[in-house]
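**Q** What follows is query37.pdb, made up of PDB, C-alpha atoms:
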ATOM      1  CA  MET C  10     100.684 115.313 101.909  1.00  0.00           C
ATOM      2  CA  GLU C  11     101.083 111.548 101.759  1.00  0.00           C
ATOM      3  CA  LEU C  12      98.265 109.050 102.120  1.00  0.00           C
ATOM      4  CA  GLN C  13      98.248 105.290 102.233  1.00  0.00           C
ATOM      5  CA  GLY C  14      95.747 102.554 102.820  1.00  0.00           C
ATOM      6  CA  ARG C  15      94.787  98.934 102.319  1.00  0.00           C
ATOM      7  CA  TYR C  16      91.396  97.417 101.605  1.00  0.00           C
ATOM      8  CA  THR C  17      90.352  93.781 101.386  1.00  0.00           C
ATOM      9  CA  ILE C  18      87.816  93.376  98.593  1.00  0.00           C
ATOM     10  CA  PRO C  19      85.685  90.255  98.040  1.00  0.00           C
ATOM     11  CA  ALA C  20      86.541  89.800  94.363  1.00  0.00           C
ATOM     12  CA  SER C  21      89.099  87.911  92.324  1.00  0.00           C
ATOM     13  CA  ILE C  22      92.103  89.812  91.033  1.00  0.00           C
ATOM     14  CA  PRO C  23      90.831  89.783  87.381  1.00  0.00           C
ATOM     15  CA  VAL C  24      87.438  91.223  88.404  1.00  0.00           C
ATOM     16  CA  LEU C  25      89.092  93.841  90.596  1.00  0.00           C
ATOM     17  CA  TRP C  26      91.669  94.754  87.930  1.00  0.00           C
ATOM     18  CA  GLU C  27      88.910  95.354  85.394  1.00  0.00           C
ATOM     19  CA  ALA C  28      87.058  97.576  87.870  1.00  0.00           C
ATOM     20  CA  ILE C  29      90.053  99.546  89.152  1.00  0.00           C
ATOM     21  CA  THR C  30      91.235 100.342  85.621  1.00  0.00           C
ATOM     22  CA  ASP C  31      87.798 101.452  84.437  1.00  0.00           C
ATOM     23  CA  PRO C  32      87.833 105.258  84.805  1.00  0.00           C
ATOM     24  CA  MET C  33      84.114 105.448  84.027  1.00  0.00           C
ATOM     25  CA  LEU C  34      83.417 103.184  87.009  1.00  0.00           C
ATOM     26  CA  LEU C  35      85.967 105.035  89.125  1.00  0.00           C
ATOM     27  CA  THR C  36      84.358 108.379  88.424  1.00  0.00           C
ATOM     28  CA  GLN C  37      80.927 107.134  89.474  1.00  0.00           C
ATOM     29  CA  CYS C  38      82.526 106.215  92.808  1.00  0.00           C
ATOM     30  CA  ILE C  39      84.488 109.452  93.328  1.00  0.00           C
ATOM     31  CA  PRO C  40      82.621 111.735  95.729  1.00  0.00           C
ATOM     32  CA  GLY C  41      81.567 114.940  93.974  1.00  0.00           C
ATOM     33  CA  CYS C  42      82.375 113.754  90.446  1.00  0.00           C
ATOM     34  CA  GLU C  43      80.094 115.581  88.027  1.00  0.00           C
ATOM     35  CA  ALA C  44      81.459 114.796  84.566  1.00  0.00           C
ATOM     36  CA  VAL C  45      83.965 112.574  82.776  1.00  0.00           C
ATOM     37  CA  THR C  46      85.077 112.356  79.151  1.00  0.00           C
ATOM     38  CA  LYS C  47      87.316 109.701  77.630  1.00  0.00           C
ATOM     39  CA  VAL C  48      90.232 111.223  75.700  1.00  0.00           C
ATOM     40  CA  HIS C  49      91.830 107.824  74.968  1.00  0.00           C
ATOM     41  CA  ASP C  50      92.279 104.466  76.724  1.00  0.00           C
ATOM     42  CA  THR C  51      94.370 105.805  79.593  1.00  0.00           C
ATOM     43  CA  LEU C  52      93.432 109.505  79.713  1.00  0.00           C
ATOM     44  CA  TYR C  53      90.198 111.080  80.901  1.00  0.00           C
ATOM     45  CA  THR C  54      89.076 114.619  81.654  1.00  0.00           C
ATOM     46  CA  GLY C  55      86.517 115.450  84.284  1.00  0.00           C
ATOM     47  CA  GLN C  56      85.003 117.757  86.843  1.00  0.00           C
ATOM     48  CA  ILE C  57      84.709 117.291  90.621  1.00  0.00           C
ATOM     49  CA  ARG C  58      82.928 119.459  93.168  1.00  0.00           C
ATOM     50  CA  ALA C  59      84.822 119.445  96.477  1.00  0.00           C
ATOM     51  CA  LYS C  60      84.477 121.086  99.871  1.00  0.00           C
ATOM     52  CA  VAL C  61      87.402 121.499 102.233  1.00  0.00           C
ATOM     53  CA  GLY C  62      86.550 123.457 105.351  1.00  0.00           C
ATOM     54  CA  PRO C  63      85.080 126.799 104.271  1.00  0.00           C
ATOM     55  CA  ILE C  64      86.057 126.376 100.612  1.00  0.00           C
ATOM     56  CA  ASN C  65      83.725 124.998  97.950  1.00  0.00           C
ATOM     57  CA  ALA C  66      85.306 124.537  94.546  1.00  0.00           C
ATOM     58  CA  VAL C  67      84.807 122.879  91.203  1.00  0.00           C
ATOM     59  CA  PHE C  68      88.003 121.260  89.958  1.00  0.00           C
ATOM     60  CA  ARG C  69      88.393 120.577  86.241  1.00  0.00           C
ATOM     61  CA  GLY C  70      91.224 118.371  85.174  1.00  0.00           C
ATOM     62  CA  GLN C  71      92.446 115.020  83.995  1.00  0.00           C
ATOM     63  CA  LEU C  72      93.056 111.491  85.197  1.00  0.00           C
ATOM     64  CA  ALA C  73      95.763 109.377  83.551  1.00  0.00           C
ATOM     65  CA  LEU C  74      96.638 105.731  84.129  1.00  0.00           C
ATOM     66  CA  GLU C  75     100.390 105.064  83.844  1.00  0.00           C
ATOM     67  CA  ASN C  76     102.893 102.280  84.553  1.00  0.00           C
ATOM     68  CA  LEU C  77     100.283  99.630  83.822  1.00  0.00           C
ATOM     69  CA  ASP C  78     101.370  96.132  84.936  1.00  0.00           C
ATOM     70  CA  PRO C  79      98.180  94.058  84.566  1.00  0.00           C
ATOM     71  CA  PRO C  80      96.739  92.689  86.784  1.00  0.00           C
ATOM     72  CA  HIS C  81      99.038  93.747  89.590  1.00  0.00           C
ATOM     73  CA  ARG C  82      99.695  97.482  89.659  1.00  0.00           C
ATOM     74  CA  TYR C  83      99.405 100.890  88.024  1.00  0.00           C
ATOM     75  CA  THR C  84      99.854 104.561  88.785  1.00  0.00           C
ATOM     76  CA  MET C  85      96.972 107.027  88.694  1.00  0.00           C
ATOM     77  CA  VAL C  86      97.922 110.648  88.048  1.00  0.00           C
ATOM     78  CA  VAL C  87      95.289 113.326  88.665  1.00  0.00           C
ATOM     79  CA  GLU C  88      95.504 117.080  88.200  1.00  0.00           C
ATOM     80  CA  GLY C  89      92.679 119.546  88.714  1.00  0.00           C
ATOM     81  CA  LYS C  90      92.337 123.308  88.589  1.00  0.00           C
ATOM     82  CA  GLY C  91      89.816 124.881  90.913  1.00  0.00           C
ATOM     83  CA  GLY C  92      89.929 128.504  89.855  1.00  0.00           C
ATOM     84  CA  LEU C  93      90.567 130.759  92.848  1.00  0.00           C
ATOM     85  CA  ALA C  94      90.605 127.710  95.132  1.00  0.00           C
ATOM     86  CA  GLY C  95      93.854 126.602  93.549  1.00  0.00           C
ATOM     87  CA  LEU C  96      95.454 123.546  92.020  1.00  0.00           C
ATOM     88  CA  ALA C  97      95.279 119.930  93.200  1.00  0.00           C
ATOM     89  CA  LYS C  98      97.663 117.211  92.017  1.00  0.00           C
ATOM     90  CA  ALA C  99      97.822 113.587  93.118  1.00  0.00           C
ATOM     91  CA  ARG C 100      99.889 110.582  92.158  1.00  0.00           C
ATOM     92  CA  ALA C 101      98.780 107.213  93.520  1.00  0.00           C
ATOM     93  CA  ASP C 102     100.449 103.846  93.139  1.00  0.00           C
ATOM     94  CA  VAL C 103      97.853 101.079  93.315  1.00  0.00           C
ATOM     95  CA  VAL C 104      98.839  97.452  93.972  1.00  0.00           C
ATOM     96  CA  LEU C 105      96.565  94.396  93.858  1.00  0.00           C
ATOM     97  CA  THR C 106      97.600  91.264  95.748  1.00  0.00           C
ATOM     98  CA  PRO C 107      95.497  88.096  95.616  1.00  0.00           C
ATOM     99  CA  ILE C 108      94.514  86.746  99.020  1.00  0.00           C
ATOM    100  CA  SER C 109      92.438  83.856  97.632  1.00  0.00           C
ATOM    101  CA  ASP C 110      90.511  83.080  94.447  1.00  0.00           C
ATOM    102  CA  ALA C 111      87.663  85.269  95.709  1.00  0.00           C
ATOM    103  CA  GLU C 112      89.453  87.975  97.680  1.00  0.00           C
ATOM    104  CA  THR C 113      92.068  90.601  96.795  1.00  0.00           C
ATOM    105  CA  ALA C 114      94.007  93.159  98.800  1.00  0.00           C
ATOM    106  CA  LEU C 115      94.191  96.617  97.260  1.00  0.00           C
ATOM    107  CA  SER C 116      96.845  98.897  98.696  1.00  0.00           C
ATOM    108  CA  TYR C 117      97.752 102.400  97.659  1.00  0.00           C
ATOM    109  CA  THR C 118     100.250 105.088  98.433  1.00  0.00           C
ATOM    110  CA  ALA C 119      99.500 108.581  97.243  1.00  0.00           C
ATOM    111  CA  LYS C 120     101.216 111.898  97.287  1.00  0.00           C
ATOM    112  CA  THR C 121      99.157 115.029  96.860  1.00  0.00           C
ATOM    113  CA  GLU C 122     100.088 118.643  96.283  1.00  0.00           C
ATOM    114  CA  LEU C 123      97.763 121.565  96.759  1.00  0.00           C
ATOM    115  CA  SER C 124      98.374 125.196  96.038  1.00  0.00           C
ATOM    116  CA  GLY C 125      96.358 128.347  96.220  1.00  0.00           C
ATOM    117  CA  LEU C 126      93.532 129.325  98.530  1.00  0.00           C
ATOM    118  CA  ILE C 127      92.600 125.754  99.442  1.00  0.00           C
ATOM    119  CA  ASP C 128      96.118 125.108 100.717  1.00  0.00           C
ATOM    120  CA  LYS C 129      96.357 128.383 102.640  1.00  0.00           C
ATOM    121  CA  LEU C 130      92.938 128.459 104.299  1.00  0.00           C
ATOM    122  CA  ALA C 131      92.192 124.793 104.848  1.00  0.00           C
ATOM    123  CA  SER C 132      95.630 123.195 105.324  1.00  0.00           C
ATOM    124  CA  ARG C 133      94.848 121.916 108.827  1.00  0.00           C
ATOM    125  CA  LEU C 134      91.723 120.144 107.541  1.00  0.00           C
ATOM    126  CA  LEU C 135      93.321 118.569 104.479  1.00  0.00           C
ATOM    127  CA  THR C 136      94.483 115.202 105.812  1.00  0.00           C
ATOM    128  CA  GLY C 137      91.165 114.404 107.480  1.00  0.00           C
ATOM    129  CA  THR C 138      89.211 115.579 104.465  1.00  0.00           C
ATOM    130  CA  ALA C 139      91.438 113.580 102.091  1.00  0.00           C
ATOM    131  CA  TYR C 140      90.909 110.363 104.050  1.00  0.00           C
ATOM    132  CA  ARG C 141      87.128 111.001 104.170  1.00  0.00           C
ATOM    133  CA  TYR C 142      87.119 111.366 100.366  1.00  0.00           C
ATOM    134  CA  VAL C 143      89.217 108.191  99.966  1.00  0.00           C
ATOM    135  CA  ASP C 144      87.008 106.215 102.368  1.00  0.00           C
ATOM    136  CA  GLY C 145      83.891 107.519 100.594  1.00  0.00           C
ATOM    137  CA  PHE C 146      85.344 106.416  97.277  1.00  0.00           C
ATOM    138  CA  PHE C 147      86.207 102.928  98.530  1.00  0.00           C
ATOM    139  CA  ASP C 148      82.816 102.463 100.222  1.00  0.00           C
ATOM    140  CA  ARG C 149      81.149 103.092  96.845  1.00  0.00           C
ATOM    141  CA  PHE C 150      83.784 101.226  94.846  1.00  0.00           C
ATOM    142  CA  ILE C 151      83.586  98.067  96.972  1.00  0.00           C
ATOM    143  CA  ALA C 152      79.775  98.086  96.748  1.00  0.00           C
ATOM    144  CA  VAL C 153      79.957  98.369  92.935  1.00  0.00           C
ATOM    145  CA  VAL C 154      82.577  95.601  92.699  1.00  0.00           C
ATOM    146  CA  ILE C 155      80.481  93.295  94.917  1.00  0.00           C
ATOM    147  CA  GLU C 156      77.444  93.893  92.679  1.00  0.00           C
ATOM    148  CA  ARG C 157      79.542  93.295  89.552  1.00  0.00           C
ATOM    149  CA  ASN C 158      80.920  90.101  91.060  1.00  0.00           C
ATOM    150  CA  LYS C 159      77.409  88.840  91.924  1.00  0.00           C
ATOM    151  CA  ALA C 160      76.240  89.546  88.380  1.00  0.00           C
ATOM    152  CA  LEU C 161      79.222  87.642  86.918  1.00  0.00           C
ATOM    153  CA  LYS C 162      78.568  84.648  89.193  1.00  0.00           C
ATOM    154  CA  GLN C 163      74.864  84.620  88.281  1.00  0.00           C
ATOM    155  CA  ALA C 164      75.724  84.772  84.580  1.00  0.00           C
ATOM    156  CA  ASP C 165      78.149  81.850  85.021  1.00  0.00           C
ATOM    157  CA  GLU C 166      75.469  79.793  86.785  1.00  0.00           C
ATOM    158  CA  ILE C 167      72.945  80.445  83.995  1.00  0.00           C
ATOM    159  CA  SER C 168      75.356  79.674  81.135  1.00  0.00           C
ATOM    160  CA  PRO C 169      75.321  76.065  79.872  1.00  0.00           C
TER     161      PRO C 169
END
Would you write the structure of this file as structure tokens?
**A**
Amino acid sequence: MELQGRYTIPASIPVLWEAITDPMLLTQCIPGCEAVTKVHDTLYTGQIRAKVGPINAVFRGQLALENLDPPHRYTMVVEGKGGLAGLAKARADVVLTPISDAETALSYTAKTELSGLIDKLASRLLTGTAYRYVDGFFDRFIAVVIERNKALKQADEISP
């Protein structure tokens, strides 16, 4: 399954780059994320609880950041095992394009692969569910980035 999208985010490219490459921040925005552990700077392990149609599963796996080209693009590679539910893999290319000093476009293209029970029983629901998870992530992510941006601006105004 292939997914793509574009979001306009009210933050400068440096602020957005810092946020979008911070897996700890990303995991707090990922719907269903229950745990994350830093292995090294670009590799994290974690656990996500997901529901697709009639299937509830806990996926344990890893998130790696590759092809880093700061502050313009990177690739996020995710793989999770959900026991009997199956295996989920995703590879997403993320590109940041400045619109103005205070606004950045974030676009992504992702390819996902599912196998096992989740693929067999819920395949017709997958695209809709995937976009709901992505939209849920970006709703949270944009809210966090806006708050971060406000805090940075307030700190700049207070500094002599």
**Q** Write out as a ChimeraX atom specification the residues lying within 10 Å of segment 50-56 of chain C, counting only C-alpha atoms and excluding same-chain residues fewer than 2 positions away.
**A** /C:30-33,36,41-48,58-59,67-75,77,85-91
**Q** Ranking C:Ala119, C:Leu96, C:Leu25, C:Leu126 by minimum distance to Gly62 of chain C and counting all atoms listed in the file, which one comes first?
**A**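 Counting all atoms listed in the file, the residue closest to Gly62 of chain C is C:Leu126.
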**Q** Pick out the closest residue to Arg149 of chain C from this set: C:Gly92, C:Pro79, C:Pro40, C:Gly125. Count all atoms listed in the file.
**A**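 Among C:Gly92, C:Pro79, C:Pro40, C:Gly125, it is C:Pro40 that comes nearest to Arg149 of chain C.
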**Q** Could you pull out every residue with an atom within 12 Å of (80.0, 103.9, 97.8), file coordinates, counting all atoms listed in the file, and send them as a VMD selection string?
**A** chain C and resid 34 to 41 141 to 156
**Q** Tell me, in Å to one decimal, how far atom CA of Asp102 of chain C is from atom CA of Arg157 of chain C.
**A**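 A separation of 23.7 Å between them.
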**Q** Could you tell me how far atom CA of Gly137 of chain C lies from atom CA of Gly95 of chain C, in Å and to one decimal?
**A** 18.7 Å
**Q** Interatomic distance between atom CA of Thr121 of chain C and atom CA of Ile64 of chain C?
**A**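 Calculated distance between atom CA of Thr121 of chain C and atom CA of Ile64 of chain C is 17.7 Å.
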